[in-house]
>>> print(open('run_39.txt').read())   # compact mmCIF, C-alpha atoms
# COMPACT_ATOMS: atom_id res chain seq x y z
CA MET A 6 -129.28 -144.42 -8.86
CA ARG A 7 -125.90 -143.26 -10.21
CA THR A 8 -124.59 -142.85 -6.64
CA ILE A 9 -125.84 -146.33 -5.69
CA LEU A 10 -124.19 -147.95 -8.72
CA LEU A 11 -120.92 -146.11 -8.13
CA SER A 12 -120.91 -147.19 -4.47
CA LEU A 13 -121.62 -150.76 -5.54
CA TRP A 14 -118.72 -150.58 -8.00
CA LEU A 15 -116.33 -149.40 -5.31
CA LEU A 16 -117.51 -152.19 -3.03
CA LEU A 17 -117.07 -154.80 -5.73
CA ALA A 18 -113.63 -153.54 -6.70
CA SER A 19 -112.42 -153.91 -3.13
CA ALA A 20 -114.30 -157.01 -1.97
CA SER A 21 -115.38 -160.34 -3.41
CA ALA A 22 -115.77 -159.41 -7.08
CA PHE A 23 -113.10 -160.44 -9.55
CA ALA A 24 -112.20 -160.03 -13.19
CA ASN A 25 -113.32 -163.40 -14.58
CA PRO A 26 -110.44 -164.84 -16.65
CA ALA A 27 -112.92 -166.35 -19.10
CA LEU A 28 -113.39 -162.84 -20.48
CA HIS A 29 -109.71 -162.04 -20.94
CA GLY A 30 -108.83 -160.98 -24.46
CA THR A 31 -110.47 -159.20 -27.37
CA TRP A 32 -114.12 -159.66 -28.43
CA SER A 33 -116.01 -158.05 -31.29
CA ALA A 34 -119.60 -157.79 -32.48
CA VAL A 35 -121.88 -155.75 -34.70
CA VAL A 36 -124.12 -153.44 -32.63
CA ASN A 37 -126.70 -151.22 -34.28
CA GLY A 38 -125.01 -151.86 -37.62
CA GLN A 39 -121.62 -150.76 -36.34
CA PRO A 40 -118.58 -152.77 -35.26
CA MET A 41 -117.82 -152.83 -31.53
CA VAL A 42 -114.56 -154.10 -30.04
CA VAL A 43 -114.11 -154.79 -26.32
CA ASN A 44 -110.78 -155.75 -24.77
CA PHE A 45 -110.76 -157.28 -21.27
CA VAL A 46 -107.34 -157.11 -19.61
CA ALA A 47 -106.39 -159.23 -16.60
CA GLY A 48 -106.78 -157.27 -13.38
CA GLY A 49 -109.91 -155.36 -14.42
CA ALA A 50 -108.68 -152.84 -17.00
CA GLY A 51 -109.61 -152.73 -20.67
CA THR A 52 -111.07 -150.72 -23.55
CA VAL A 53 -114.37 -150.32 -25.39
CA ASP A 54 -113.78 -149.20 -28.97
CA GLY A 55 -110.41 -147.85 -27.88
CA GLN A 56 -111.81 -145.91 -24.92
CA PRO A 57 -110.51 -146.93 -21.46
CA MET A 58 -112.78 -148.75 -19.05
CA ASN A 59 -112.61 -150.84 -15.89
CA TRP A 60 -114.52 -154.04 -15.33
CA GLN A 61 -115.43 -156.54 -12.63
CA THR A 62 -117.64 -159.61 -12.51
CA MET A 63 -119.73 -161.23 -9.81
CA GLY A 64 -121.37 -164.48 -10.81
CA ALA A 65 -123.21 -163.84 -14.08
CA LEU A 66 -123.04 -160.05 -13.65
CA LEU A 67 -120.56 -157.85 -15.50
CA PHE A 68 -119.87 -154.30 -14.32
CA ILE A 69 -118.32 -151.77 -16.74
CA GLU A 70 -117.08 -148.42 -15.40
CA GLN A 71 -116.28 -145.51 -17.74
CA ASP A 72 -115.85 -141.87 -16.72
CA GLY A 73 -117.51 -142.47 -13.35
CA GLU A 74 -120.57 -144.17 -14.92
CA VAL A 75 -121.21 -147.83 -14.09
CA GLY A 76 -123.18 -150.12 -16.39
CA THR A 77 -124.55 -153.47 -15.20
CA TYR A 78 -124.84 -156.38 -17.62
CA GLN A 79 -125.55 -160.09 -17.61
CA PHE A 80 -123.07 -162.26 -19.48
CA GLN A 81 -122.40 -165.84 -20.48
CA VAL A 82 -119.30 -167.30 -22.12
CA GLN A 83 -119.69 -170.38 -24.30
CA LYS A 84 -116.56 -171.51 -26.13
CA GLN A 85 -115.64 -168.63 -28.48
CA GLN A 86 -118.81 -166.59 -27.91
CA LEU A 87 -119.73 -164.02 -25.27
CA SER A 88 -123.42 -163.16 -24.83
CA VAL A 89 -124.13 -159.82 -23.12
CA SER A 90 -127.46 -158.18 -22.23
CA GLY A 91 -128.58 -155.17 -20.23
CA GLY A 92 -126.87 -151.80 -19.88
CA ILE A 93 -126.72 -149.98 -23.22
CA PHE A 94 -127.98 -153.02 -25.15
CA GLY A 95 -131.67 -153.38 -25.86
CA ASP A 96 -131.35 -157.08 -26.68
CA THR A 97 -128.72 -159.74 -26.15
CA VAL A 98 -125.56 -159.06 -28.17
CA VAL A 99 -123.29 -161.98 -29.08
CA PHE A 100 -119.58 -161.17 -29.28
CA ALA A 101 -117.08 -163.43 -31.02
CA ARG A 102 -113.56 -163.83 -29.73
CA GLY A 103 -111.08 -161.80 -31.76
CA MET A 104 -111.56 -159.06 -34.36
CA ALA A 105 -113.29 -161.07 -37.09
CA ALA A 106 -116.82 -159.72 -36.49
CA ALA A 107 -115.65 -156.09 -36.42
CA LYS A 108 -113.52 -156.50 -39.55
CA SER A 109 -116.41 -158.11 -41.40
CA ALA A 110 -118.74 -155.23 -40.48
CA LYS A 111 -116.18 -152.67 -41.64
CA ARG A 112 -115.85 -154.43 -45.00
CA VAL A 113 -119.62 -154.41 -45.47
CA LEU A 114 -119.86 -150.73 -44.57
CA GLY A 115 -116.89 -149.80 -46.70
CA GLY A 116 -118.18 -151.66 -49.75
CA SER A 117 -121.78 -150.55 -49.59
CA ARG A 118 -123.03 -148.18 -52.28
CA GLY A 119 -125.60 -146.93 -49.80
CA ALA A 120 -122.80 -145.94 -47.46
CA GLU A 121 -121.16 -144.00 -50.30
CA SER A 122 -124.37 -142.04 -50.87
CA ALA A 123 -124.74 -141.42 -47.14
CA ILE A 124 -121.29 -139.88 -46.83
CA ALA A 125 -121.34 -138.04 -50.17
CA ALA A 126 -120.40 -134.37 -50.24
CA GLY A 127 -120.26 -133.43 -46.57
CA GLY A 128 -119.52 -136.78 -44.91
CA GLY A 129 -121.94 -138.36 -42.48
CA GLN A 130 -120.65 -141.78 -41.45
CA GLU A 131 -120.15 -140.44 -37.92
CA LEU A 132 -123.93 -139.89 -37.73
CA VAL A 133 -124.74 -143.59 -38.11
CA GLY A 134 -126.60 -144.88 -35.07
CA LYS A 135 -129.90 -144.71 -33.20
CA TRP A 136 -131.07 -141.36 -31.78
CA CYS A 137 -134.05 -140.73 -29.50
CA ARG A 138 -135.95 -138.00 -27.71
CA GLY A 139 -138.76 -138.43 -25.22
CA GLY A 140 -140.75 -136.58 -22.64
CA ALA A 141 -143.45 -136.97 -20.03
CA PHE A 142 -145.91 -134.63 -18.33
CA SER A 143 -148.13 -135.23 -15.29
CA ALA A 144 -151.09 -132.96 -14.61
CA ASN A 145 -151.91 -131.95 -11.04
CA SER A 146 -155.57 -132.73 -11.66
CA GLY A 147 -154.78 -136.22 -12.91
CA GLY A 148 -153.47 -137.84 -16.06
CA GLY A 149 -150.62 -136.75 -18.27
CA SER A 150 -148.81 -137.48 -21.49
CA SER A 151 -145.69 -139.21 -22.70
CA SER A 152 -143.92 -139.61 -26.01
CA MET A 153 -140.86 -141.26 -27.49
CA THR A 154 -139.44 -140.61 -30.94
CA CYS A 155 -136.45 -142.50 -32.36
CA PHE A 156 -134.75 -142.70 -35.72
CA GLU A 157 -131.90 -144.89 -36.86
CA LEU A 158 -129.39 -143.85 -39.52
CA ARG A 159 -127.71 -146.91 -40.98
CA GLY A 160 -124.36 -147.22 -42.67
CA ASP A 161 -125.97 -148.49 -45.88
CA GLY A 162 -127.77 -145.15 -46.36
CA SER A 163 -131.18 -146.33 -45.11
CA TYR A 164 -133.11 -145.00 -42.13
CA SER A 165 -136.09 -145.95 -39.97
CA TYR A 166 -138.29 -143.71 -37.82
CA GLN A 167 -140.77 -144.53 -35.06
CA HIS A 168 -142.93 -142.41 -32.78
CA GLU A 169 -145.15 -143.49 -29.90
CA GLY A 170 -147.26 -141.20 -27.73
CA SER A 171 -150.07 -141.39 -25.21
CA VAL A 172 -152.36 -138.94 -23.40
CA SER A 173 -154.56 -139.71 -20.40
CA ALA A 174 -156.87 -137.75 -18.13
CA TYR A 175 -159.04 -138.65 -15.19
CA SER A 176 -161.22 -136.72 -12.75
CA SER A 177 -164.11 -137.54 -10.41
CA GLY A 178 -164.21 -141.20 -11.37
CA MET A 179 -163.99 -140.49 -15.11
CA TYR A 180 -161.07 -141.60 -17.26
CA GLY A 181 -160.08 -141.01 -20.85
CA GLY A 182 -157.00 -141.55 -22.92
CA SER A 183 -155.55 -141.99 -26.37
CA ALA A 184 -152.43 -143.43 -27.93
CA SER A 185 -150.71 -142.82 -31.25
CA GLN A 186 -148.00 -144.48 -33.29
CA SER A 187 -146.29 -143.60 -36.54
CA SER A 188 -143.35 -144.97 -38.47
CA ASP A 189 -141.38 -144.34 -41.64
CA ALA A 190 -138.39 -145.65 -43.54
CA GLY A 191 -136.33 -144.54 -46.50
CA ARG A 192 -132.93 -143.25 -47.56
CA TRP A 193 -130.80 -140.50 -46.02
CA SER A 194 -127.87 -138.36 -47.09
CA VAL A 195 -125.99 -135.40 -45.67
CA SER A 196 -124.26 -132.41 -47.24
CA GLY A 197 -122.58 -129.89 -44.99
CA ASN A 198 -125.04 -129.02 -42.25
CA ARG A 199 -128.10 -130.31 -44.14
CA LEU A 200 -129.56 -133.78 -43.71
CA THR A 201 -132.04 -135.03 -46.31
CA ALA A 202 -134.52 -137.85 -45.71
CA ARG A 203 -136.20 -139.45 -48.73
CA SER A 204 -139.17 -141.43 -47.47
CA GLN A 205 -140.27 -144.65 -49.14
CA ASP A 206 -143.62 -142.93 -49.79
CA GLY A 207 -141.87 -140.35 -52.00
CA GLN A 208 -141.77 -137.44 -49.55
CA VAL A 209 -138.47 -135.57 -49.22
CA ASN A 210 -137.55 -133.54 -46.12
CA THR A 211 -134.37 -131.56 -45.51
CA TYR A 212 -133.28 -130.53 -42.01
CA THR A 213 -130.66 -128.20 -40.61
CA LEU A 214 -128.20 -130.48 -38.84
CA GLU A 215 -126.24 -129.64 -35.69
CA LYS A 216 -124.09 -131.87 -33.48
CA ARG A 217 -124.17 -131.10 -29.76
CA ASN A 218 -123.47 -132.83 -26.47
CA ASN A 219 -126.29 -133.27 -24.00
CA PRO A 220 -126.16 -130.34 -21.53
CA LYS A 221 -127.40 -132.64 -18.74
CA ASN A 222 -124.70 -135.21 -19.47
CA PRO A 223 -121.92 -133.89 -21.75
CA ARG A 224 -120.70 -137.44 -22.36
CA ASP A 225 -123.82 -138.16 -24.46
CA PRO A 226 -123.74 -136.80 -28.02
CA MET A 227 -126.88 -135.43 -29.65
CA LEU A 228 -128.12 -134.78 -33.18
CA CYS A 229 -130.32 -131.72 -33.60
CA LEU A 230 -132.61 -131.50 -36.65
CA ASP A 231 -134.20 -128.08 -37.14
CA GLY A 232 -133.56 -127.47 -33.42
CA ASP A 233 -135.13 -130.71 -32.15
CA CYS A 234 -132.37 -132.65 -30.37
CA TYR A 235 -132.09 -136.44 -30.16
CA THR A 236 -129.67 -138.19 -27.80
CA THR A 237 -127.69 -141.28 -28.72
CA TYR A 238 -129.47 -144.52 -27.81
CA PHE A 239 -126.25 -146.53 -27.55
CA GLN A 240 -123.09 -145.54 -25.73
CA ARG A 241 -120.66 -143.61 -27.94
CA ALA A 242 -118.00 -140.93 -27.56
CA PRO A 243 -119.12 -137.28 -27.32
CA TRP A 244 -118.55 -134.92 -30.24
>>> encode(input="run_39.txt", output="structure tokens")
Amino acid sequence: MRTILLSLWLLLASASAFANPALHGTWSAVVNGQPMVVNFVAGGAGTVDGQPMNWQTMGALLFIEQDGEVGTYQFQVQKQQLSVSGGIFGDTVVFARGMAAAKSAKRVLGGSRGAESAIAAGGGQELVGKWCRGGAFSANSGGGSSSMTCFELRGDGSYSYQHEGSVSAYSSGMYGGSASQSSDAGRWSVSGNRLTARSQDGQVNTYTLEKRNNPKNPRDPMLCLDGDCYTTYFQRAPW
């Protein structure tokens, strides 16, 4: 898939695609509780949160290329708003022209007492974001299992956690399966290499924290808690 997208990008960059002038300029939004700033420069260059990128459009499709990776999005421009979906975004994100949205988010984060508790002692604001780990297994005899676990650390010092899993098996016309879900929410803080989660049900857990980059894709940062590693859900710079 990566090879196909990269080939498509090269084709678009040299053929009928063009950098739609309606996008030219700076746009900002709040994504996953964090400010995001995108700058579209005439000719197909630009930046995402200060990191260089290249872009092209074809109809309602927007192609963003960074470090050899191509993301495909759908977009719509209406007056001073840019709606974008697909790619790294789970839902539609609405950008406003200029820096106002990003500046507003920074003021909220900077003035939040929860943010002060989250970054107390050893820092921690760089950990804010959504982090996930998942896996799947298929048995030769039939059936298998899958799971997905995600947690989100927010800039106001709150967190949410969600786990979903399923197991299935079938043989000789017989089928069985089960599914499980669990969730949690509370407050988080970090001190040095220790992250503490205080659940809303009163339970307190402390984890050994380590920042790594995904060995399969070094451009994706990871958070490891007691050795269990979670990869960033949204695009962000590696550690």
>>> atom_distance(input="run_39.txt", atom1="CA of Gln240 in chain A", atom2="CA of Gln186 in chain A")
26.1 Å
>>> atom_distance(input="run_39.txt", atom1="CA of Gly55 in chain A", atom2="CA of Cys155 in chain A")
27.0 Å
>>> closest_residue(input="run_39.txt", among="A:Gly139, A:Gly160, A:Gly191, A:Gly197", to="Asp233 in chain A", atoms="only C-alpha atoms")
A:Gly139
>>> residues_around(input="run_39.txt", residues="range 75-85 of chain A", least_positions_apart="5", cutoff="7 Å", atoms="all atoms listed in the file", output="PDB file with C-alpha atoms, in the coordinates of the input")
ATOM      1  CA  LEU A  10    -124.190-147.950  -8.720  1.00  0.00           C
ATOM      2  CA  LEU A  11    -120.920-146.110  -8.130  1.00  0.00           C
ATOM      3  CA  ALA A  65    -123.210-163.840 -14.080  1.00  0.00           C
ATOM      4  CA  LEU A  66    -123.040-160.050 -13.650  1.00  0.00           C
ATOM      5  CA  LEU A  67    -120.560-157.850 -15.500  1.00  0.00           C
ATOM      6  CA  PHE A  68    -119.870-154.300 -14.320  1.00  0.00           C
ATOM      7  CA  ILE A  69    -118.320-151.770 -16.740  1.00  0.00           C
ATOM      8  CA  GLU A  70    -117.080-148.420 -15.400  1.00  0.00           C
ATOM      9  CA  SER A  90    -127.460-158.180 -22.230  1.00  0.00           C
ATOM     10  CA  GLY A  91    -128.580-155.170 -20.230  1.00  0.00           C
ATOM     11  CA  GLY A  92    -126.870-151.800 -19.880  1.00  0.00           C
ATOM     12  CA  ALA A 101    -117.080-163.430 -31.020  1.00  0.00           C
ATOM     13  CA  ARG A 102    -113.560-163.830 -29.730  1.00  0.00           C
TER      14      ARG A 102
END
>>> atom_distance(input="run_39.txt", atom1="CA of Phe45 in chain A", atom2="CA of Asn25 in chain A")
9.4 Å
>>> closest_residue(input="run_39.txt", among="A:Cys137, A:Val195, A:Ala27, A:Ala106", to="His168 in chain A", atoms="all atoms listed in the file")
A:Cys137
